[in-house]
Each structure stands twice: as structure tokens, then as C-alpha cells.
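Data block for coords-v6.tsv (TSV, C-alpha atoms (C1' of nucleotides)):
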```tsv
chain	number	residue	atom	x	y	z
A	106	MET	CA	114.30	148.32	75.64
A	107	LYS	CA	114.09	150.77	78.50
A	108	LEU	CA	114.94	150.09	82.14
A	109	ALA	CA	114.53	152.51	85.02
A	110	THR	CA	115.18	152.99	88.71
A	111	TRP	CA	113.23	155.15	91.13
A	112	ASN	CA	113.35	155.62	94.87
A	113	VAL	CA	109.68	156.41	95.48
A	114	ASN	CA	109.95	157.15	99.23
A	115	SER	CA	106.75	155.32	100.20
A	116	LEU	CA	104.86	153.45	97.50
A	117	SER	CA	101.57	154.03	99.34
A	118	VAL	CA	101.95	157.77	98.94
A	119	ARG	CA	103.55	157.68	95.48
A	120	LEU	CA	101.45	155.02	93.71
A	121	PRO	CA	99.37	157.55	91.75
A	122	GLN	CA	102.54	159.30	90.60
A	123	LEU	CA	104.17	155.99	89.71
A	124	LEU	CA	101.16	155.00	87.61
A	125	ASP	CA	101.16	158.41	85.91
A	126	TRP	CA	104.86	158.15	85.21
A	127	LEU	CA	104.59	154.62	83.80
A	128	ALA	CA	101.71	155.74	81.57
A	129	THR	CA	103.89	158.40	79.94
A	130	ASN	CA	107.13	156.41	80.30
A	131	PRO	CA	106.16	152.83	79.51
A	132	VAL	CA	109.55	151.34	80.44
A	133	ASP	CA	110.00	147.60	80.08
A	134	ALA	CA	111.12	147.24	83.69
A	135	ILE	CA	111.78	149.41	86.72
A	136	GLY	CA	113.49	148.91	90.06
A	137	LEU	CA	111.75	150.63	92.96
A	138	GLN	CA	113.27	151.45	96.35
A	139	GLU	CA	111.95	152.61	99.71
A	140	LEU	CA	108.53	151.03	99.33
A	141	LYS	CA	108.02	151.40	103.09
A	142	LEU	CA	105.29	148.79	103.04
A	143	VAL	CA	104.90	145.07	103.67
A	144	ASP	CA	104.28	142.62	100.81
A	145	GLU	CA	100.63	142.30	101.82
A	146	LYS	CA	100.09	145.98	101.07
A	147	PHE	CA	101.83	145.94	97.70
A	148	PRO	CA	99.48	147.24	94.96
A	149	TYR	CA	99.79	144.21	92.68
A	150	GLU	CA	96.42	144.78	90.99
A	151	ALA	CA	96.92	148.41	89.99
A	152	LEU	CA	100.34	147.60	88.58
A	153	GLN	CA	99.09	144.50	86.80
A	154	GLU	CA	96.42	146.64	85.15
A	155	ALA	CA	99.25	148.95	84.06
A	156	GLY	CA	100.90	145.95	82.42
A	157	TYR	CA	103.53	144.95	84.96
A	158	HIS	CA	104.54	141.76	86.69
A	159	ALA	CA	106.05	142.39	90.12
A	160	ALA	CA	108.69	140.77	92.29
A	161	VAL	CA	108.47	142.29	95.76
A	162	PHE	CA	110.57	142.36	98.92
A	163	GLY	CA	108.75	144.66	101.29
A	164	GLN	CA	109.31	145.87	104.82
A	165	LYS	CA	107.32	147.88	107.29
A	166	THR	CA	108.25	151.58	107.71
A	167	TYR	CA	111.71	151.46	106.13
A	168	ASN	CA	113.42	150.04	103.04
A	169	GLY	CA	111.55	147.67	100.75
A	170	VAL	CA	112.36	147.05	97.07
A	171	ALA	CA	110.58	145.69	94.01
A	172	ILE	CA	111.09	144.99	90.33
A	173	LEU	CA	108.25	145.69	87.90
A	174	SER	CA	108.50	144.17	84.45
A	175	ARG	CA	106.38	143.80	81.33
A	176	MET	CA	108.19	140.49	80.78
A	177	PRO	CA	107.96	137.52	83.11
A	178	LEU	CA	110.38	137.54	86.04
A	179	ASN	CA	112.37	134.43	86.93
A	180	ASP	CA	114.87	133.30	89.55
A	181	VAL	CA	113.97	135.97	92.10
A	182	VAL	CA	116.54	136.48	94.87
A	183	ARG	CA	115.83	138.57	97.97
A	184	ASN	CA	118.77	140.21	99.76
A	185	ILE	CA	122.38	139.17	99.36
A	186	PRO	CA	122.81	135.40	99.64
A	187	ASN	CA	124.93	134.33	102.62
A	188	HIS	CA	124.70	137.80	104.13
A	189	ALA	CA	122.27	137.99	107.03
A	190	ASP	CA	120.34	141.26	106.94
A	191	GLU	CA	117.12	142.29	108.64
A	192	GLN	CA	116.60	145.11	106.16
A	193	SER	CA	114.95	144.53	102.78
A	194	ARG	CA	117.38	146.18	100.42
A	195	VAL	CA	117.98	143.89	97.46
A	196	ILE	CA	115.85	142.09	94.92
A	197	ALA	CA	117.17	140.43	91.80
A	198	ALA	CA	115.32	138.78	88.95
A	199	THR	CA	115.92	137.53	85.43
A	200	LEU	CA	113.89	139.10	82.65
A	201	ASP	CA	112.93	137.00	79.66
A	202	THR	CA	113.78	139.48	76.91
A	203	PRO	CA	113.65	138.90	73.14
A	204	ASP	CA	117.46	139.14	73.17
A	205	GLY	CA	117.79	136.53	75.86
A	206	PRO	CA	117.82	136.58	79.64
A	207	LEU	CA	118.77	139.81	81.39
A	208	ARG	CA	119.66	139.80	85.07
A	209	MET	CA	118.36	142.85	86.93
A	210	VAL	CA	119.76	143.54	90.41
A	211	ASN	CA	117.83	146.27	92.18
A	212	CYS	CA	119.31	147.68	95.39
A	213	TYR	CA	118.56	150.23	98.06
A	214	PHE	CA	122.11	150.77	99.32
A	215	VAL	CA	122.65	151.59	102.97
A	216	ASN	CA	122.64	155.31	103.75
A	217	GLY	CA	125.34	155.14	106.43
A	218	GLN	CA	124.49	158.37	108.28
A	219	ALA	CA	128.06	159.55	108.96
A	220	PRO	CA	131.59	158.14	108.97
A	221	GLY	CA	132.46	156.61	112.34
A	222	THR	CA	128.91	155.54	113.19
A	223	ASP	CA	127.55	152.00	113.49
A	224	LYS	CA	125.43	152.69	110.43
A	225	PHE	CA	128.52	153.57	108.42
A	226	ALA	CA	130.18	150.33	109.52
A	227	TYR	CA	127.04	148.46	108.44
A	228	LYS	CA	127.23	150.22	105.08
A	229	MET	CA	130.82	149.08	104.57
A	230	LEU	CA	130.00	145.44	105.43
A	231	TRP	CA	126.96	145.56	103.17
A	232	LEU	CA	129.00	146.95	100.28
A	233	GLU	CA	131.64	144.24	100.73
A	234	ALA	CA	128.96	141.55	100.69
A	235	LEU	CA	127.34	143.05	97.59
A	236	HIS	CA	130.67	143.06	95.79
A	237	ARG	CA	131.39	139.43	96.68
A	238	TRP	CA	127.95	138.34	95.49
A	239	LEU	CA	128.02	140.33	92.25
A	240	GLN	CA	131.35	138.80	91.38
A	241	GLU	CA	129.55	135.44	91.36
A	242	GLU	CA	126.41	136.78	89.66
A	243	LEU	CA	128.47	138.17	86.79
A	244	LYS	CA	130.01	134.75	86.17
A	245	VAL	CA	126.52	133.31	85.71
A	246	HIS	CA	124.77	136.27	84.05
A	247	GLN	CA	126.67	137.96	81.23
A	248	ARG	CA	123.86	140.44	80.63
A	249	LEU	CA	123.47	142.09	84.03
A	250	VAL	CA	122.18	145.49	85.16
A	251	LEU	CA	122.85	146.77	88.68
A	252	LEU	CA	120.59	149.68	89.47
A	253	GLY	CA	119.05	151.51	92.37
A	254	ASP	CA	119.67	154.10	95.02
A	255	PHE	CA	123.41	153.66	95.65
A	256	ASN	CA	123.66	156.39	98.30
A	257	VAL	CA	127.06	157.25	96.86
A	258	ALA	CA	128.00	160.31	94.81
A	259	PRO	CA	130.80	158.69	92.79
A	260	GLU	CA	132.67	161.84	91.82
A	261	ASP	CA	132.86	165.49	92.83
A	262	ARG	CA	130.78	166.46	89.80
A	263	ASP	CA	127.97	164.34	91.24
A	264	SER	CA	127.51	166.71	94.17
A	265	PHE	CA	126.27	170.31	94.39
A	266	ASP	CA	128.94	171.09	97.00
A	267	PRO	CA	131.90	168.71	96.78
A	268	VAL	CA	134.12	171.06	98.80
A	269	GLY	CA	131.72	171.82	101.64
A	270	LEU	CA	130.59	168.18	101.78
A	271	LYS	CA	134.05	166.65	101.40
A	272	ASP	CA	134.40	163.42	103.44
A	273	THR	CA	130.75	163.57	104.57
A	274	ILE	CA	128.28	160.78	103.86
A	275	HIS	CA	127.91	159.92	100.14
A	276	HIS	CA	131.24	161.64	99.51
A	277	THR	CA	133.77	159.65	101.54
A	278	VAL	CA	136.84	158.01	100.05
A	279	GLU	CA	135.63	154.66	101.40
A	280	GLU	CA	132.22	154.85	99.71
A	281	ARG	CA	133.77	155.97	96.44
A	282	ALA	CA	136.30	153.12	96.61
A	283	HIS	CA	133.39	150.69	96.93
A	284	PHE	CA	131.69	152.25	93.92
A	285	GLN	CA	134.94	151.93	91.97
A	286	ALA	CA	135.23	148.30	93.05
A	287	LEU	CA	131.86	147.66	91.41
A	288	LEU	CA	133.13	149.28	88.20
A	289	ASP	CA	136.23	147.11	88.45
A	290	LEU	CA	133.98	144.06	88.17
A	291	GLY	CA	133.36	145.17	84.59
A	292	LEU	CA	130.32	147.33	85.27
A	293	THR	CA	129.87	150.71	83.59
A	294	ASP	CA	127.95	153.75	84.79
A	295	ALA	CA	125.49	154.10	81.90
A	296	TYR	CA	124.88	157.78	82.66
A	297	ARG	CA	128.53	158.65	82.02
A	298	LEU	CA	128.61	156.91	78.65
A	299	PHE	CA	127.04	160.09	77.29
A	300	GLU	CA	127.57	163.80	77.43
A	301	GLN	CA	125.30	165.08	80.18
A	302	PRO	CA	124.27	168.49	81.47
A	303	GLU	CA	126.50	169.91	84.18
A	304	LYS	CA	125.11	169.71	87.70
A	305	SER	CA	123.03	166.62	86.96
A	306	TYR	CA	121.54	165.14	90.12
A	307	SER	CA	118.97	162.48	91.02
A	308	TRP	CA	118.17	163.52	94.61
A	309	TRP	CA	117.44	166.86	96.22
A	310	ASP	CA	116.73	167.55	99.90
A	311	TYR	CA	113.12	168.40	100.61
A	312	ARG	CA	114.32	171.25	102.82
A	313	MET	CA	115.72	174.67	102.04
A	314	LEU	CA	114.34	174.72	98.48
A	315	GLY	CA	116.89	172.08	97.53
A	316	PHE	CA	115.33	171.24	94.19
A	317	GLN	CA	114.57	174.83	93.20
A	318	LYS	CA	118.19	175.73	93.88
A	319	ASN	CA	119.42	172.48	92.30
A	320	ARG	CA	121.30	171.58	95.46
A	321	GLY	CA	121.36	167.86	94.79
A	322	LEU	CA	123.39	164.69	94.51
A	323	ARG	CA	123.61	162.05	91.81
A	324	ILE	CA	123.24	158.92	93.90
A	325	ASP	CA	120.81	156.85	91.82
A	326	HIS	CA	122.65	154.83	89.22
A	327	ILE	CA	122.36	152.24	86.47
A	328	LEU	CA	125.44	150.08	85.92
A	329	VAL	CA	125.66	147.66	83.00
A	330	SER	CA	127.89	144.64	82.46
A	331	GLU	CA	130.44	144.40	79.64
A	332	ALA	CA	128.08	142.42	77.41
A	333	LEU	CA	125.51	145.22	77.61
A	334	ARG	CA	127.80	148.21	77.46
A	335	GLY	CA	127.77	148.42	73.67
A	336	ARG	CA	123.98	148.18	73.65
A	337	VAL	CA	123.37	151.32	75.69
A	338	THR	CA	122.02	154.06	73.42
A	339	ALA	CA	120.81	156.60	76.00
A	340	CYS	CA	120.61	157.35	79.70
A	341	HIS	CA	118.91	160.26	81.41
A	342	ILE	CA	117.49	161.52	84.69
A	343	ASP	CA	113.84	162.54	84.53
A	344	ARG	CA	113.44	165.60	86.76
A	345	GLN	CA	109.79	166.01	85.88
A	346	PRO	CA	108.31	163.96	88.77
A	347	ARG	CA	110.34	166.02	91.25
A	348	LYS	CA	108.21	169.01	90.19
A	349	ASN	CA	104.97	167.27	91.15
A	350	PRO	CA	103.05	168.16	94.28
A	351	GLN	CA	104.11	165.69	97.00
A	352	PRO	CA	107.14	164.43	95.07
A	353	SER	CA	109.60	161.77	96.05
A	354	ASP	CA	112.94	163.40	96.89
A	355	HIS	CA	114.49	161.20	94.16
A	356	ALA	CA	114.03	161.38	90.39
A	357	PRO	CA	113.84	158.33	88.10
A	358	VAL	CA	116.86	157.34	85.98
A	359	VAL	CA	116.19	155.66	82.63
A	360	VAL	CA	118.49	153.68	80.37
A	361	THR	CA	117.80	152.61	76.79
A	362	LEU	CA	119.28	149.37	75.45
A	363	GLY	CA	119.34	148.71	71.72
A	364	GLY	CA	118.64	145.31	70.18
B	144	DA	C1'	124.35	176.00	114.74
B	145	DT	C1'	121.88	170.93	113.63
B	146	DG	C1'	117.20	173.19	111.68
B	147	DA	C1'	114.65	173.07	107.52
B	148	DC	C1'	110.91	168.68	104.82
B	149	DG	C1'	108.48	164.49	104.39
B	150	DG	C1'	107.13	159.66	105.69
B	151	DT	C1'	105.95	156.29	109.34
B	152	DG	C1'	104.16	154.66	113.64
B	153	DT	C1'	101.21	155.45	116.87
B	154	DG	C1'	101.28	159.97	118.85
B	155	DG	C1'	100.49	164.32	120.99
B	156	DC	C1'	105.93	163.38	119.42
B	157	DA	C1'	110.47	160.51	118.05
B	158	DC	C1'	112.89	158.31	114.45
B	159	DC	C1'	115.05	158.25	110.04
B	160	DG	C1'	116.41	159.64	105.56
B	161	DA	C1'	120.56	161.90	102.59
```
Show me, as C-alpha cells, the structure contained in the file I just sent.
Amino acid sequence: MKLATWNVNSLSVRLPQLLDWLATNPVDAIGLQELKLVDEKFPYEALQEAGYHAAVFGQKTYNGVAILSRMPLNDVVRNIPNHADEQSRVIAATLDTPDGPLRMVNCYFVNGQAPGTDKFAYKMLWLEALHRWLQEELKVHQRLVLLGDFNVAPEDRDSFDPVGLKDTIHHTVEERAHFQALLDLGLTDAYRLFEQPEKSYSWWDYRMLGFQKNRGLRIDHILVSEALRGRVTACHIDRQPRKNPQPSDHAPVVVTLGG
DNA sequence: ATGACGGTGTGGCACCGA
């Protein structure tokens, strides 16, 4: 079984690319972030024709997340329970897989702008709430995948310039401590279960030839619970869509789970 | 330096992202 995550940076603009990608990468399910559209504008029909059910939590202009799945989606939760938030950043659903239920938690983590700002404070509160909720989710769902755009580069090797960008957004000690706290819940970064190319990133700035110079960050992640860890047989970042005309600034990440 | 690029809303630009 293959699961993926992709920040599409506007589903309206990227729908043709998403459909192309799904045609050549027929993953069983995918978490999408930054839809930047309301539920009423979600392209249910085109995706249904491509073979996917959809659970959607849209928002105008910013944010917006969805889970697409070839299997039926149950128990859909939108945003973090008991954490008031005007921004649509989280959608969770349970997939009915042949191996039993699999909980998929798809998140567009807060960016946070810069340490010391209100947005950074919001990021910290959001991360604390996510941690609290996942602690409970993991008690109920042994087979759980947390994926999405984390907006955190967990380690220095996940950044093209860890020295120049030290203590800036995505690189701060506080953000990395929150990422570690998620790992401490028993989650594992699927990408790091395998030997990977050096300078592997999932996002590149549109400006200054960021992609061509491979000046990127690895901020899109797939974390798996203990029950799934032994099932992971592969994980990779697909840079191909970033080479398209009008690309998203993020690349998809794909994980393969064995039976 | 605080821009560059791209998306959105509604605009003749400002804002936000990462």
C-alpha cells in the first residue's frame, strides 16, 4: 500500500498536475495541503473519476486540507478537537484497508513566520494542541500515519543552509523540540528509515532559482506509529512534479507499507 | 539589504507563504 502527502499550493491551479501525478502514481491515499479553496469548489467529480473518495476541509484563500483515498473514509475529524482554530489545517480519517483500519492524520502545520512574532506563538500553541490530541489518537488507533507539511526542518541535514539559517523559522530549537516530541509519542520519520541521497528536500523557494540550485528544505514528512514501523518498505520524495511548468513549490512524499 | 516568485482577492496593488 502506498500513501503520499503533497502541498499543492492551490488545488484550482494544480488539479491537472495532481490528476497527472495520480495517473502515474496510483497511491492508495494522499493527504493534500494548501487547497486554497472552499469545499464548494472542491473538484469531487474529477477525483472520483480518478478513483478517489475525498474528505475535505477547505478554506478560502489560505490553508485547506483533504484526504483522497481509494478505500472508503470513516470517522472524519476536522481540526484538532478542543482547540479552537479559524484556520483549516487538519483532517483525519480512518481508511478501511485489507489489513484493518488505518488512521491517517493529514496536517498543514503553521508556518510561524519568525521567532518572536504572534504567528510563531500561534505555531507553538498549535503544536502543543496537536501533541495532546495525538497522544489520545494513538491510544485509540494503533495503526496511525501522521503526514503533511510540517513546516519544520527536523535536523541540520534537512536544510540547504543550516548555518546561515540557524534559529530562523523551520530551524529553531523550539520547532525541532516539538518535532522530537511527536517522535517521542512513538512515531517514526519514515524517510529516515532508509538510506537517502544527501541534500534531500521537499520544498524549494520559487525565487532565485531555488530548485535548480537545490536550495531547499525537507519540511514535508510522513510519520508512522510503532505498529506500522516494521511494515514500511520504502519512502521517497518525488522531485519530478517540481520540474513541471507552474509547479507547486513542494514535492510529494510517498511511503510504501507492506502487507 | 528584504527583494526575488507565485497564488489569492479584488485590484491597479497588498498580503502571505517558507
Quick check: residues of chain A within 12 Å of chain B, all atoms listed in the file, returned as a PDB file with C-alpha atoms, keeping the file's coordinate frame.
```pdb
ATOM      1  CA  ASN A 112     113.350 155.620  94.870  1.00  0.00           C
ATOM      2  CA  VAL A 113     109.680 156.410  95.480  1.00  0.00           C
ATOM      3  CA  ASN A 114     109.950 157.150  99.230  1.00  0.00           C
ATOM      4  CA  SER A 115     106.750 155.320 100.200  1.00  0.00           C
ATOM      5  CA  LEU A 116     104.860 153.450  97.500  1.00  0.00           C
ATOM      6  CA  SER A 117     101.570 154.030  99.340  1.00  0.00           C
ATOM      7  CA  VAL A 118     101.950 157.770  98.940  1.00  0.00           C
ATOM      8  CA  ARG A 119     103.550 157.680  95.480  1.00  0.00           C
ATOM      9  CA  GLU A 139     111.950 152.610  99.710  1.00  0.00           C
ATOM     10  CA  LEU A 140     108.530 151.030  99.330  1.00  0.00           C
ATOM     11  CA  LYS A 141     108.020 151.400 103.090  1.00  0.00           C
ATOM     12  CA  LEU A 142     105.290 148.790 103.040  1.00  0.00           C
ATOM     13  CA  GLN A 164     109.310 145.870 104.820  1.00  0.00           C
ATOM     14  CA  LYS A 165     107.320 147.880 107.290  1.00  0.00           C
ATOM     15  CA  THR A 166     108.250 151.580 107.710  1.00  0.00           C
ATOM     16  CA  TYR A 167     111.710 151.460 106.130  1.00  0.00           C
ATOM     17  CA  ASN A 168     113.420 150.040 103.040  1.00  0.00           C
ATOM     18  CA  PHE A 214     122.110 150.770  99.320  1.00  0.00           C
ATOM     19  CA  VAL A 215     122.650 151.590 102.970  1.00  0.00           C
ATOM     20  CA  ASN A 216     122.640 155.310 103.750  1.00  0.00           C
ATOM     21  CA  GLY A 217     125.340 155.140 106.430  1.00  0.00           C
ATOM     22  CA  GLN A 218     124.490 158.370 108.280  1.00  0.00           C
ATOM     23  CA  ALA A 219     128.060 159.550 108.960  1.00  0.00           C
ATOM     24  CA  LYS A 224     125.430 152.690 110.430  1.00  0.00           C
ATOM     25  CA  ASP A 254     119.670 154.100  95.020  1.00  0.00           C
ATOM     26  CA  PHE A 255     123.410 153.660  95.650  1.00  0.00           C
ATOM     27  CA  ASN A 256     123.660 156.390  98.300  1.00  0.00           C
ATOM     28  CA  VAL A 257     127.060 157.250  96.860  1.00  0.00           C
ATOM     29  CA  ALA A 258     128.000 160.310  94.810  1.00  0.00           C
ATOM     30  CA  SER A 264     127.510 166.710  94.170  1.00  0.00           C
ATOM     31  CA  LEU A 270     130.590 168.180 101.780  1.00  0.00           C
ATOM     32  CA  THR A 273     130.750 163.570 104.570  1.00  0.00           C
ATOM     33  CA  ILE A 274     128.280 160.780 103.860  1.00  0.00           C
ATOM     34  CA  HIS A 275     127.910 159.920 100.140  1.00  0.00           C
ATOM     35  CA  HIS A 276     131.240 161.640  99.510  1.00  0.00           C
ATOM     36  CA  SER A 307     118.970 162.480  91.020  1.00  0.00           C
ATOM     37  CA  TRP A 308     118.170 163.520  94.610  1.00  0.00           C
ATOM     38  CA  TRP A 309     117.440 166.860  96.220  1.00  0.00           C
ATOM     39  CA  ASP A 310     116.730 167.550  99.900  1.00  0.00           C
ATOM     40  CA  TYR A 311     113.120 168.400 100.610  1.00  0.00           C
ATOM     41  CA  ARG A 312     114.320 171.250 102.820  1.00  0.00           C
ATOM     42  CA  MET A 313     115.720 174.670 102.040  1.00  0.00           C
ATOM     43  CA  LEU A 314     114.340 174.720  98.480  1.00  0.00           C
ATOM     44  CA  GLY A 315     116.890 172.080  97.530  1.00  0.00           C
ATOM     45  CA  PHE A 316     115.330 171.240  94.190  1.00  0.00           C
ATOM     46  CA  GLY A 321     121.360 167.860  94.790  1.00  0.00           C
ATOM     47  CA  LEU A 322     123.390 164.690  94.510  1.00  0.00           C
ATOM     48  CA  ARG A 323     123.610 162.050  91.810  1.00  0.00           C
ATOM     49  CA  ILE A 324     123.240 158.920  93.900  1.00  0.00           C
ATOM     50  CA  ASP A 325     120.810 156.850  91.820  1.00  0.00           C
ATOM     51  CA  GLN A 351     104.110 165.690  97.000  1.00  0.00           C
ATOM     52  CA  PRO A 352     107.140 164.430  95.070  1.00  0.00           C
ATOM     53  CA  SER A 353     109.600 161.770  96.050  1.00  0.00           C
ATOM     54  CA  ASP A 354     112.940 163.400  96.890  1.00  0.00           C
ATOM     55  CA  HIS A 355     114.490 161.200  94.160  1.00  0.00           C
TER      56      HIS A 355
END
```
For segment 311-324 of chain A, take all atoms listed in the file, fit an axis-aligned box around them, add 4 Å to each of the six sides, then output centre and edge lengths in Å rounded to one decimal, as lines of an AutoDock Vina configuration file.
```
center_x = 118.4
center_y = 167.3
center_z = 97.3
size_x = 18.5
size_y = 24.8
size_z = 19.0
```
>> Between atom CA of Val161 of chain A and atom CA of Pro148 of chain A, what distance in Å does the model show, to one decimal?
In response: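 A separation of 10.3 Å between them.
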> Can you tell me how far atom CA of Asp263 of chain A sits from atom CA of Pro220 of chain A, in Å to one decimal?
Replying inline: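 Value for the atom CA of Asp263 of chain A-atom CA of Pro220 of chain A distance: 19.1 Å.
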>> Please compute the atom CA of Asp201 of chain A-atom CA of Gly253 of chain A distance, one decimal, in Å.
In response: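 Answer for the atom CA of Asp201 of chain A to atom CA of Gly253 of chain A separation: 20.2 Å.
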